[in-house]
>>> print(open('model_8.pdb').read())   # PDB, C-alpha atoms
ATOM      1  CA  MET G 235      92.617  69.891  88.017
ATOM      2  CA  THR G 236      89.185  71.491  87.990
ATOM      3  CA  HIS G 237      86.105  69.664  86.799
ATOM      4  CA  ALA G 238      84.565  72.672  85.089
ATOM      5  CA  VAL G 239      82.637  71.899  81.917
ATOM      6  CA  ALA G 240      84.098  73.761  78.929
ATOM      7  CA  HIS G 241      80.995  73.139  76.871
ATOM      8  CA  HIS G 242      78.337  70.455  76.827
ATOM      9  CA  THR G 243      77.877  68.197  73.814
ATOM     10  CA  SER G 244      75.297  65.464  73.317
ATOM     11  CA  THR G 245      78.041  62.929  72.555
ATOM     12  CA  GLY G 246      80.317  63.989  75.414
ATOM     13  CA  LEU G 247      83.058  64.442  72.804
ATOM     14  CA  ASP G 248      84.711  67.650  71.728
ATOM     15  CA  ASN G 249      82.909  69.057  68.704
ATOM     16  CA  ARG G 250      86.121  70.223  67.058
ATOM     17  CA  LYS G 251      87.654  66.766  67.193
ATOM     18  CA  LEU G 252      84.482  65.086  65.916
ATOM     19  CA  ALA G 253      84.212  67.640  63.110
ATOM     20  CA  PHE G 254      87.825  67.031  62.184
ATOM     21  CA  TRP G 255      87.295  63.283  61.993
ATOM     22  CA  LEU G 256      84.361  63.986  59.658
ATOM     23  CA  PHE G 257      86.693  66.124  57.549
ATOM     24  CA  ILE G 258      89.244  63.302  57.455
ATOM     25  CA  GLY G 259      86.448  60.962  56.365
ATOM     26  CA  SER G 260      85.700  63.301  53.450
ATOM     27  CA  GLU G 261      89.406  63.353  52.617
ATOM     28  CA  CYS G 262      89.293  59.549  52.309
ATOM     29  CA  LEU G 263      86.717  59.999  49.552
ATOM     30  CA  LEU G 264      88.809  62.689  47.830
ATOM     31  CA  PHE G 265      91.993  60.636  47.776
ATOM     32  CA  GLY G 266      90.025  57.465  47.037
ATOM     33  CA  SER G 267      88.704  59.052  43.845
ATOM     34  CA  LEU G 268      92.168  60.347  42.859
ATOM     35  CA  ILE G 269      93.768  56.933  43.468
ATOM     36  CA  ALA G 270      90.942  55.210  41.559
ATOM     37  CA  THR G 271      91.455  57.559  38.614
ATOM     38  CA  TYR G 272      95.203  56.884  38.606
ATOM     39  CA  LEU G 273      94.678  53.108  38.702
ATOM     40  CA  VAL G 274      91.987  53.109  36.020
ATOM     41  CA  TYR G 275      94.254  54.954  33.561
ATOM     42  CA  GLU G 276      97.507  53.233  34.548
ATOM     43  CA  GLY G 277      99.128  51.456  31.623
ATOM     44  CA  ARG G 278      96.844  53.147  29.073
ATOM     45  CA  SER G 279      99.227  55.891  27.980
ATOM     46  CA  VAL G 280      99.929  55.783  24.255
ATOM     47  CA  ALA G 281     102.975  58.084  24.337
ATOM     48  CA  GLY G 282     105.567  59.625  26.594
ATOM     49  CA  PRO G 283     107.447  58.290  29.623
ATOM     50  CA  THR G 284     105.742  55.514  31.612
ATOM     51  CA  THR G 285     106.055  54.295  35.188
ATOM     52  CA  HIS G 286     108.846  51.785  34.444
ATOM     53  CA  GLU G 287     110.954  54.365  32.670
ATOM     54  CA  ILE G 288     110.747  57.219  35.090
ATOM     55  CA  LEU G 289     109.843  56.351  38.706
ATOM     56  CA  ASN G 290     112.799  56.406  41.104
ATOM     57  CA  ILE G 291     112.066  53.842  43.828
ATOM     58  CA  PRO G 292     115.205  54.360  46.001
ATOM     59  CA  LEU G 293     114.649  58.126  46.135
ATOM     60  CA  THR G 294     110.935  57.790  46.940
ATOM     61  CA  SER G 295     111.703  55.158  49.596
ATOM     62  CA  ILE G 296     113.844  57.744  51.393
ATOM     63  CA  SER G 297     111.102  60.391  51.201
ATOM     64  CA  THR G 298     108.592  57.807  52.451
ATOM     65  CA  PHE G 299     110.848  57.056  55.429
ATOM     66  CA  ASP G 300     111.165  60.806  56.018
ATOM     67  CA  LEU G 301     107.379  61.202  56.196
ATOM     68  CA  LEU G 302     107.027  58.177  58.504
ATOM     69  CA  MET G 303     109.580  59.704  60.880
ATOM     70  CA  SER G 304     107.701  63.023  60.778
ATOM     71  CA  SER G 305     104.675  61.180  62.161
ATOM     72  CA  LEU G 306     106.810  59.906  65.027
ATOM     73  CA  ALA G 307     108.003  63.471  65.714
ATOM     74  CA  MET G 308     104.368  64.645  65.644
ATOM     75  CA  VAL G 309     103.167  62.210  68.328
ATOM     76  CA  LEU G 310     106.199  63.087  70.451
ATOM     77  CA  ALA G 311     105.295  66.792  70.044
ATOM     78  CA  LEU G 312     101.738  66.091  71.211
ATOM     79  CA  ALA G 313     103.019  64.129  74.210
ATOM     80  CA  ALA G 314     105.387  66.987  75.122
ATOM     81  CA  VAL G 315     102.619  69.613  74.844
ATOM     82  CA  ALA G 316     100.239  67.480  76.927
ATOM     83  CA  ARG G 317     102.776  67.195  79.775
ATOM     84  CA  GLY G 318     103.663  70.920  79.558
ATOM     85  CA  ASP G 319     107.229  70.424  78.356
ATOM     86  CA  ARG G 320     107.791  73.622  76.364
ATOM     87  CA  LEU G 321     111.323  72.871  75.178
ATOM     88  CA  TRP G 322     110.539  69.450  73.712
ATOM     89  CA  SER G 323     107.202  70.669  72.316
ATOM     90  CA  ARG G 324     109.145  73.177  70.260
ATOM     91  CA  VAL G 325     111.865  70.696  69.306
ATOM     92  CA  TRP G 326     109.392  68.081  68.048
ATOM     93  CA  LEU G 327     107.076  70.567  66.320
ATOM     94  CA  ALA G 328     110.070  72.074  64.513
ATOM     95  CA  THR G 329     111.354  68.581  63.647
ATOM     96  CA  THR G 330     107.974  67.576  62.201
ATOM     97  CA  ALA G 331     107.758  70.750  60.102
ATOM     98  CA  LEU G 332     111.351  70.305  58.925
ATOM     99  CA  LEU G 333     110.752  66.687  57.893
ATOM    100  CA  GLY G 334     107.637  67.879  56.038
ATOM    101  CA  LEU G 335     109.735  70.443  54.202
ATOM    102  CA  VAL G 336     112.306  67.779  53.327
ATOM    103  CA  PHE G 337     109.505  65.641  51.866
ATOM    104  CA  LEU G 338     108.326  68.615  49.795
ATOM    105  CA  GLY G 339     111.929  69.102  48.638
ATOM    106  CA  PHE G 340     112.053  65.487  47.436
ATOM    107  CA  GLN G 341     108.754  66.015  45.624
ATOM    108  CA  ALA G 342     109.927  69.262  44.008
ATOM    109  CA  TYR G 343     113.097  67.483  42.820
ATOM    110  CA  GLU G 344     111.056  64.552  41.487
ATOM    111  CA  PHE G 345     108.584  66.785  39.633
ATOM    112  CA  THR G 346     111.394  68.888  38.123
ATOM    113  CA  HIS G 347     113.258  65.756  37.029
ATOM    114  CA  PHE G 348     110.122  64.300  35.454
ATOM    115  CA  VAL G 349     109.411  67.487  33.516
ATOM    116  CA  HIS G 350     112.993  67.451  32.208
ATOM    117  CA  GLU G 351     112.448  63.834  31.158
ATOM    118  CA  GLY G 352     109.379  64.909  29.172
ATOM    119  CA  LEU G 353     106.619  63.920  31.606
ATOM    120  CA  THR G 354     104.131  66.753  32.081
ATOM    121  CA  LEU G 355     100.460  67.070  32.964
ATOM    122  CA  GLN G 356      99.497  67.144  29.291
ATOM    123  CA  VAL G 357     101.830  64.588  27.705
ATOM    124  CA  ASN G 358      99.911  61.410  28.586
ATOM    125  CA  LEU G 359      97.400  59.801  30.976
ATOM    126  CA  PHE G 360     100.153  58.734  33.372
ATOM    127  CA  GLY G 361     101.439  62.320  33.625
ATOM    128  CA  SER G 362      97.951  63.747  34.190
ATOM    129  CA  THR G 363      96.877  61.292  36.867
ATOM    130  CA  PHE G 364     100.301  61.087  38.558
ATOM    131  CA  PHE G 365     100.796  64.843  38.927
ATOM    132  CA  VAL G 366      97.202  65.432  40.068
ATOM    133  CA  LEU G 367      97.357  62.667  42.704
ATOM    134  CA  THR G 368     100.823  63.386  44.094
ATOM    135  CA  GLY G 369     100.336  67.138  43.631
ATOM    136  CA  PHE G 370      97.177  67.086  45.756
ATOM    137  CA  HIS G 371      99.063  65.117  48.385
ATOM    138  CA  GLY G 372     101.986  67.545  48.269
ATOM    139  CA  GLY G 373      99.524  70.422  48.680
ATOM    140  CA  HIS G 374      98.206  68.743  51.817
ATOM    141  CA  VAL G 375     101.766  68.358  53.153
ATOM    142  CA  PHE G 376     102.383  72.067  52.484
ATOM    143  CA  VAL G 377      99.228  73.043  54.425
ATOM    144  CA  GLY G 378     100.380  70.756  57.249
ATOM    145  CA  VAL G 379     103.810  72.427  57.368
ATOM    146  CA  VAL G 380     102.174  75.887  57.564
ATOM    147  CA  TRP G 381      99.897  74.615  60.354
ATOM    148  CA  LEU G 382     102.881  73.197  62.281
ATOM    149  CA  VAL G 383     104.818  76.440  61.927
ATOM    150  CA  THR G 384     101.866  78.399  63.351
ATOM    151  CA  LEU G 385     101.764  76.006  66.313
ATOM    152  CA  LEU G 386     105.506  76.451  66.765
ATOM    153  CA  ILE G 387     105.095  80.247  66.765
ATOM    154  CA  ARG G 388     102.302  79.949  69.355
ATOM    155  CA  SER G 389     104.600  77.778  71.450
ATOM    156  CA  LEU G 390     107.438  80.297  71.187
ATOM    157  CA  GLN G 391     104.954  82.973  72.340
ATOM    158  CA  GLY G 392     104.215  80.816  75.382
ATOM    159  CA  LYS G 393     100.618  80.240  74.270
ATOM    160  CA  LEU G 394     100.713  76.484  73.703
ATOM    161  CA  GLY G 395     100.333  74.943  77.134
ATOM    162  CA  PRO G 396      98.726  71.639  78.122
ATOM    163  CA  ASP G 397      95.304  73.323  77.960
ATOM    164  CA  LYS G 398      95.860  73.676  74.204
ATOM    165  CA  ALA G 399      96.866  70.048  73.666
ATOM    166  CA  LEU G 400      93.690  69.381  71.691
ATOM    167  CA  ASN G 401      94.795  71.951  69.092
ATOM    168  CA  VAL G 402      98.018  70.012  68.627
ATOM    169  CA  GLU G 403      96.154  66.703  68.594
ATOM    170  CA  ILE G 404      93.894  67.909  65.758
ATOM    171  CA  ALA G 405      96.911  69.145  63.777
ATOM    172  CA  GLY G 406      98.459  65.740  64.454
ATOM    173  CA  LEU G 407      95.375  63.940  63.102
ATOM    174  CA  TYR G 408      95.762  65.895  59.876
ATOM    175  CA  TRP G 409      99.484  65.185  59.655
ATOM    176  CA  HIS G 410      99.126  61.465  60.340
ATOM    177  CA  PHE G 411      96.336  61.184  57.784
ATOM    178  CA  VAL G 412      98.562  62.796  55.161
ATOM    179  CA  ASP G 413     101.241  60.244  56.108
ATOM    180  CA  ALA G 414      98.726  57.371  55.894
ATOM    181  CA  VAL G 415      97.634  58.518  52.427
ATOM    182  CA  TRP G 416     101.271  58.524  51.294
ATOM    183  CA  ILE G 417     101.664  54.954  52.566
ATOM    184  CA  VAL G 418      98.932  53.966  50.095
ATOM    185  CA  ILE G 419     100.275  56.146  47.247
ATOM    186  CA  PHE G 420     103.794  54.763  47.673
ATOM    187  CA  THR G 421     102.460  51.238  47.272
ATOM    188  CA  VAL G 422      99.905  51.633  44.483
ATOM    189  CA  VAL G 423     101.795  54.188  42.384
ATOM    190  CA  TYR G 424     105.467  53.392  42.930
ATOM    191  CA  LEU G 425     105.727  49.733  43.935
ATOM    192  CA  ILE G 426     102.805  48.103  42.101
ATOM    193  CA  GLN G 427     103.505  48.961  38.466
ATOM    194  CA  ARG G 428     101.433  47.439  35.714
ATOM    195  CA  GLN G 429     103.568  45.394  33.307
TER
ATOM    196  CA  MET A  30      84.346  68.315  77.136
ATOM    197  CA  THR A  31      85.470  68.416  80.742
ATOM    198  CA  GLU A  32      89.112  69.029  81.529
ATOM    199  CA  ASN A  33      89.378  65.749  83.390
ATOM    200  CA  ALA A  34      87.833  63.930  80.459
ATOM    201  CA  GLN A  35      90.369  65.540  78.151
ATOM    202  CA  SER A  36      93.143  64.595  80.537
ATOM    203  CA  ALA A  37      91.895  61.016  80.704
ATOM    204  CA  GLU A  38      91.896  60.940  76.923
ATOM    205  CA  HIS A  39      95.538  62.001  76.803
ATOM    206  CA  ASN A  40      96.467  59.531  79.538
ATOM    207  CA  ALA A  41      94.957  56.795  77.378
ATOM    208  CA  HIS A  42      97.371  57.622  74.581
ATOM    209  CA  PRO A  43     100.235  55.181  74.026
ATOM    210  CA  SER A  44     103.579  55.703  75.759
ATOM    211  CA  THR A  45     106.710  57.086  74.075
ATOM    212  CA  GLY A  46     108.081  53.542  73.991
ATOM    213  CA  THR A  47     105.038  52.383  72.041
ATOM    214  CA  TYR A  48     105.418  55.266  69.591
ATOM    215  CA  LEU A  49     109.077  54.349  69.012
ATOM    216  CA  ALA A  50     108.205  50.672  68.601
ATOM    217  CA  ILE A  51     105.522  51.538  66.013
ATOM    218  CA  ALA A  52     108.042  53.713  64.149
ATOM    219  CA  GLY A  53     110.453  50.759  64.142
ATOM    220  CA  VAL A  54     107.790  48.403  62.794
ATOM    221  CA  LEU A  55     106.804  50.932  60.095
ATOM    222  CA  THR A  56     110.450  51.248  59.054
ATOM    223  CA  VAL A  57     110.935  47.483  58.882
ATOM    224  CA  ILE A  58     107.746  47.014  56.835
ATOM    225  CA  THR A  59     108.867  49.757  54.431
ATOM    226  CA  LEU A  60     112.233  48.037  54.002
ATOM    227  CA  VAL A  61     110.452  44.722  53.355
ATOM    228  CA  GLU A  62     108.180  46.418  50.789
ATOM    229  CA  VAL A  63     111.115  47.851  48.868
ATOM    230  CA  GLY A  64     113.029  44.553  49.197
ATOM    231  CA  VAL A  65     110.091  42.543  47.875
ATOM    232  CA  PHE A  66     109.809  44.943  44.934
ATOM    233  CA  TYR A  67     113.345  44.059  43.796
ATOM    234  CA  VAL A  68     113.110  40.267  44.247
ATOM    235  CA  PRO A  69     112.100  38.633  40.934
ATOM    236  CA  ALA A  70     110.691  35.571  42.704
ATOM    237  CA  PHE A  71     107.988  37.722  44.300
ATOM    238  CA  GLN A  72     106.787  39.319  41.034
ATOM    239  CA  SER A  73     103.837  36.945  40.648
ATOM    240  CA  ILE A  74     102.470  37.773  44.116
ATOM    241  CA  LEU A  75     103.850  41.297  44.360
ATOM    242  CA  ALA A  76     100.521  43.166  44.373
ATOM    243  CA  PRO A  77      98.770  41.189  47.149
ATOM    244  CA  VAL A  78     101.906  41.110  49.323
ATOM    245  CA  LEU A  79     102.443  44.865  48.969
ATOM    246  CA  LEU A  80      98.765  45.631  49.595
ATOM    247  CA  ILE A  81      98.831  43.592  52.817
ATOM    248  CA  LEU A  82     102.034  45.310  53.985
ATOM    249  CA  SER A  83     100.683  48.735  53.045
ATOM    250  CA  GLY A  84      97.372  48.018  54.788
ATOM    251  CA  THR A  85      99.265  46.989  57.924
ATOM    252  CA  LYS A  86     101.235  50.254  57.922
ATOM    253  CA  PHE A  87      98.061  52.272  57.325
ATOM    254  CA  ALA A  88      96.304  50.507  60.218
ATOM    255  CA  LEU A  89      99.258  51.024  62.585
ATOM    256  CA  VAL A  90      99.368  54.772  61.871
ATOM    257  CA  VAL A  91      95.602  55.148  62.285
ATOM    258  CA  MET A  92      95.324  52.996  65.411
ATOM    259  CA  PHE A  93      98.369  54.218  67.335
ATOM    260  CA  TYR A  94      99.457  57.616  65.971
ATOM    261  CA  MET A  95      95.886  58.836  65.373
ATOM    262  CA  HIS A  96      94.811  57.085  68.605
ATOM    263  CA  LEU A  97      91.753  55.359  67.162
ATOM    264  CA  LYS A  98      92.655  52.236  69.140
ATOM    265  CA  SER A  99      92.122  54.040  72.449
ATOM    266  CA  ASP A 100      89.725  56.816  71.402
ATOM    267  CA  HIS A 101      85.937  56.883  71.317
ATOM    268  CA  ARG A 102      84.355  54.428  68.893
ATOM    269  CA  LEU A 103      82.353  57.182  67.217
ATOM    270  CA  PHE A 104      85.611  58.520  65.737
ATOM    271  CA  THR A 105      86.367  55.047  64.373
ATOM    272  CA  ALA A 106      82.917  54.869  62.788
ATOM    273  CA  VAL A 107      83.172  58.368  61.310
ATOM    274  CA  PHE A 108      86.509  57.439  59.719
ATOM    275  CA  THR A 109      85.874  53.820  58.735
ATOM    276  CA  LEU A 110      82.603  54.342  56.853
ATOM    277  CA  PRO A 111      84.008  56.827  54.276
ATOM    278  CA  LEU A 112      87.189  54.745  54.051
ATOM    279  CA  LEU A 113      85.160  51.653  53.127
ATOM    280  CA  ILE A 114      83.163  53.698  50.597
ATOM    281  CA  ALA A 115      86.435  54.966  49.078
ATOM    282  CA  ILE A 116      87.792  51.407  48.806
ATOM    283  CA  ALA A 117      84.497  50.257  47.248
ATOM    284  CA  VAL A 118      84.675  53.117  44.715
ATOM    285  CA  ILE A 119      88.249  52.168  43.766
ATOM    286  CA  VAL A 120      87.378  48.475  43.308
ATOM    287  CA  ALA A 121      84.138  49.266  41.440
ATOM    288  CA  LEU A 122      85.879  51.650  39.020
ATOM    289  CA  LEU A 123      88.665  49.139  38.379
ATOM    290  CA  PHE A 124      86.073  46.502  37.481
ATOM    291  CA  LEU A 125      84.022  48.990  35.447
ATOM    292  CA  PHE A 126      87.008  50.039  33.335
ATOM    293  CA  GLY A 127      88.312  46.477  33.007
ATOM    294  CA  ALA A 128      91.579  47.247  34.738
ATOM    295  CA  PHE A 129      91.838  43.728  36.125
ATOM    296  CA  SER A 130      91.700  42.236  32.650
ATOM    297  CA  LEU A 131      94.723  44.185  31.327
ATOM    298  CA  ASN A 132      98.129  42.557  31.128
TER
END
>>> encode(input="model_8.pdb", output="structure tokens")
Amino acid sequence: MTHAVAHHTSTGLDNRKLAFWLFIGSECLLFGSLIATYLVYEGRSVAGPTTHEILNIPLTSISTFDLLMSSLAMVLALAAVARGDRLWSRVWLATTALLGLVFLGFQAYEFTHFVHEGLTLQVNLFGSTFFVLTGFHGGHVFVGVVWLVTLLIRSLQGKLGPDKALNVEIAGLYWHFVDAVWIVIFTVVYLIQRQ
Amino acid sequence: MTENAQSAEHNAHPSTGTYLAIAGVLTVITLVEVGVFYVPAFQSILAPVLLILSGTKFALVVMFYMHLKSDHRLFTAVFTLPLLIAIAVIVALLFLFGAFSLN
């Protein structure tokens, strides 16, 4: 291991990682405002399906478990990349992306079902705030899946060695944050329902 | 960042066993959350119980999977400050719109 300096920073920390933590901080504010909006308008719909009538807790519990397991696969992928294990890097990156796709499949099914039940963006306050909040989250999951697939392609090209572990770590930070946000959404939207 | 510093950072990350244990704890907490949701006796204290369980899961993911527990404290500060502002915004808006007074 050489001791060559890649680049000097005043903090001694990698600029990309610090910048990404700042981005995640800004994402806290974004999702905080979306969650606040959902909670403020919860129980104020005057028409249309409401939370009690439409939310499917068993189904969402399974998708929540799926996303939690994707986070486990992500940390295992990072560990494999860091130790230079190409095979398991690819296995865990592919597993994480696949679990992300499964989550998106659950969400697509849920959204389709809700629309068939009469819940749309325009029908009431619950529909507007629910679809915007969970839709933004789903969009983040989709971006994460695309990011993971690009890492997997780089790995298959033999360009994702231990020297690139920071790239995987930053992708992992994004993925875990998306998981952490869902932990909150699952509780405040699905489990805590205003009577 | 120097290569050895980067390497030291990765060495400080939790072991595979720790990752698996955290996944197990997250699964158990999720099962408890869903279980509590269906038990009528818990309905009166459902919200605080679920918020505590959810907060625990959130903290576990951030500390162990995002490595804030072992990483530089500046990352913790950069993440925690906006998180606290977001929580304050949520609570303030709920008070402002009288959400706590609704049945």
>>> residues_around(input="model_8.pdb", residues="A:Ala88", least_positions_apart="5", cutoff="10 Å", atoms="all atoms listed in the file", output="ChimeraX atom specification")
/G:414 /A:82-83,93-95,97-98
>>> closest_atom_pairs(input="model_8.pdb", of="chain A", to="chain G", cutoff="7 Å", atoms="all atoms listed in the file", output="JSON lines")
{"residue": "A:Met30", "atom": "CA", "partner": "G:Asp248", "partner_atom": "CA", "distance": 5.5}
{"residue": "A:Thr31", "atom": "CA", "partner": "G:Val239", "partner_atom": "CA", "distance": 4.6}
{"residue": "A:Glu32", "atom": "CA", "partner": "G:His237", "partner_atom": "CA", "distance": 6.1}
{"residue": "A:Asn33", "atom": "CA", "partner": "G:His237", "partner_atom": "CA", "distance": 6.1}
{"residue": "A:Tyr48", "atom": "CA", "partner": "G:Leu306", "partner_atom": "CA", "distance": 6.7}
{"residue": "A:Ala52", "atom": "CA", "partner": "G:Leu306", "partner_atom": "CA", "distance": 6.4}
{"residue": "A:Thr56", "atom": "CA", "partner": "G:Phe299", "partner_atom": "CA", "distance": 6.9}
{"residue": "A:Phe66", "atom": "CA", "partner": "G:Leu425", "partner_atom": "CA", "distance": 6.4}
{"residue": "A:Ala76", "atom": "CA", "partner": "G:Ile426", "partner_atom": "CA", "distance": 5.9}
{"residue": "A:Leu79", "atom": "CA", "partner": "G:Thr421", "partner_atom": "CA", "distance": 6.6}
{"residue": "A:Ser83", "atom": "CA", "partner": "G:Val418", "partner_atom": "CA", "distance": 6.3}
{"residue": "A:Phe87", "atom": "CA", "partner": "G:Ala414", "partner_atom": "CA", "distance": 5.3}
{"residue": "A:Val90", "atom": "CA", "partner": "G:Ala414", "partner_atom": "CA", "distance": 6.5}
{"residue": "A:Tyr94", "atom": "CA", "partner": "G:Val309", "partner_atom": "CA", "distance": 6.4}
{"residue": "A:Met95", "atom": "CA", "partner": "G:Leu407", "partner_atom": "CA", "distance": 5.6}
{"residue": "A:Phe104", "atom": "CA", "partner": "G:Trp255", "partner_atom": "CA", "distance": 6.3}
{"residue": "A:Val107", "atom": "CA", "partner": "G:Leu256", "partner_atom": "CA", "distance": 6.0}
{"residue": "A:Phe108", "atom": "CA", "partner": "G:Gly259", "partner_atom": "CA", "distance": 4.9}
{"residue": "A:Pro111", "atom": "CA", "partner": "G:Gly259", "partner_atom": "CA", "distance": 5.2}
{"residue": "A:Leu112", "atom": "CA", "partner": "G:Cys262", "partner_atom": "CA", "distance": 5.5}
{"residue": "A:Ala115", "atom": "CA", "partner": "G:Gly266", "partner_atom": "CA", "distance": 4.8}
{"residue": "A:Ile116", "atom": "CA", "partner": "G:Gly266", "partner_atom": "CA", "distance": 6.7}
{"residue": "A:Ile119", "atom": "CA", "partner": "G:Ala270", "partner_atom": "CA", "distance": 4.6}
{"residue": "A:Leu122", "atom": "CA", "partner": "G:Ala270", "partner_atom": "CA", "distance": 6.7}
{"residue": "A:Leu123", "atom": "CA", "partner": "G:Val274", "partner_atom": "CA", "distance": 5.7}
{"residue": "A:Phe126", "atom": "CA", "partner": "G:Val274", "partner_atom": "CA", "distance": 6.4}
{"residue": "A:Ala128", "atom": "CA", "partner": "G:Val274", "partner_atom": "CA", "distance": 6.0}
{"residue": "A:Asn132", "atom": "CA", "partner": "G:Gln429", "partner_atom": "CA", "distance": 6.5}
>>> atom_distance(input="model_8.pdb", atom1="atom CA of G:Thr329", atom2="atom CA of G:Val366")
27.7 Å
>>> atom_distance(input="model_8.pdb", atom1="atom CA of G:Trp381", atom2="atom CA of A:His42")
22.3 Å
>>> closest_residue(input="model_8.pdb", among="G:Ser244, G:Val357, G:Leu289, G:Val383", to="G:Phe345", atoms="only C-alpha atoms")
G:Leu289
>>> closest_residue(input="model_8.pdb", among="G:Gly395, G:Gly334, G:Asn401, G:Gly361", to="G:Gly373", atoms="only C-alpha atoms")
G:Gly334
>>> atom_distance(input="model_8.pdb", atom1="atom CA of G:Leu394", atom2="atom CA of G:Gly372")
27.0 Å
>>> residues_around(input="model_8.pdb", residues="G:Val336", least_positions_apart="5", cutoff="10 Å", atoms="all atoms listed in the file", output="list in words")
Ser297, Asp300, Leu301, Ser304, Thr330, Ala331, Gln341 and Ala342 of chain G
>>> residues_around(input="model_8.pdb", residues="G:Asn358", least_positions_apart="6", cutoff="9 Å", atoms="only C-alpha atoms", output="list in words")
Arg278, Ser279, Val280, Ala281, Gly282, Pro283 and Thr284 of chain G
>>> axis_aligned_box(input="model_8.pdb", around="stretch 49-65 of chain A", padding_each_side="8 Å", output="AutoDock Vina command-line options")
--center_x 109.3 --center_y 48.4 --center_z 58.4 --size_x 23.5 --size_y 27.8 --size_z 37.1
>>> resolve_selection(input="model_8.pdb", expression="the PyMOL selection byres ((chain G and resi 382) around 9)", output="CSV table (one decimal) with C-alpha atoms, in the frame of the given file")
chain,number,residue,atom,x,y,z
G,327,LEU,CA,107.1,70.6,66.3
G,328,ALA,CA,110.1,72.1,64.5
G,330,THR,CA,108.0,67.6,62.2
G,331,ALA,CA,107.8,70.8,60.1
G,377,VAL,CA,99.2,73.0,54.4
G,378,GLY,CA,100.4,70.8,57.2
G,379,VAL,CA,103.8,72.4,57.4
G,380,VAL,CA,102.2,75.9,57.6
G,381,TRP,CA,99.9,74.6,60.4
G,383,VAL,CA,104.8,76.4,61.9
G,384,THR,CA,101.9,78.4,63.4
G,385,LEU,CA,101.8,76.0,66.3
G,386,LEU,CA,105.5,76.5,66.8
G,387,ILE,CA,105.1,80.2,66.8
G,402,VAL,CA,98.0,70.0,68.6
G,405,ALA,CA,96.9,69.1,63.8
G,406,GLY,CA,98.5,65.7,64.5
>>> decode(input="model_8.pdb", residues="stretch 274-302 of chain G", atoms="C-alpha atoms", output="compact mmCIF listing (two decimals), in the first residue's frame")
# COMPACT_ATOMS: atom_id res chain seq x y z
CA VAL G 274 -50.90 18.15 8.12
CA TYR G 275 -53.55 17.10 5.58
CA GLU G 276 -54.11 13.58 6.93
CA GLY G 277 -57.71 13.00 7.95
CA ARG G 278 -58.92 16.18 6.23
CA SER G 279 -60.18 14.60 3.02
CA VAL G 280 -63.86 15.30 2.42
CA ALA G 281 -64.36 12.64 -0.27
CA GLY G 282 -62.86 9.54 -1.80
CA PRO G 283 -61.00 6.58 -0.29
CA THR G 284 -59.16 7.20 2.99
CA THR G 285 -56.23 5.51 4.71
CA HIS G 286 -58.38 2.98 6.62
CA GLU G 287 -60.21 1.89 3.50
CA ILE G 288 -57.33 1.44 1.13
CA LEU G 289 -53.89 0.88 2.70
CA ASN G 290 -52.69 -2.73 2.58
CA ILE G 291 -50.46 -3.26 5.63
CA PRO G 292 -49.44 -6.92 5.00
CA LEU G 293 -48.36 -6.14 1.43
CA THR G 294 -46.41 -3.01 2.45
CA SER G 295 -44.78 -4.91 5.33
CA ILE G 296 -43.33 -7.34 2.77
CA SER G 297 -42.03 -4.51 0.57
CA THR G 298 -40.55 -2.85 3.67
CA PHE G 299 -38.75 -6.09 4.54
CA ASP G 300 -37.55 -6.29 0.93
CA LEU G 301 -36.01 -2.81 1.14
CA LEU G 302 -34.39 -3.58 4.52
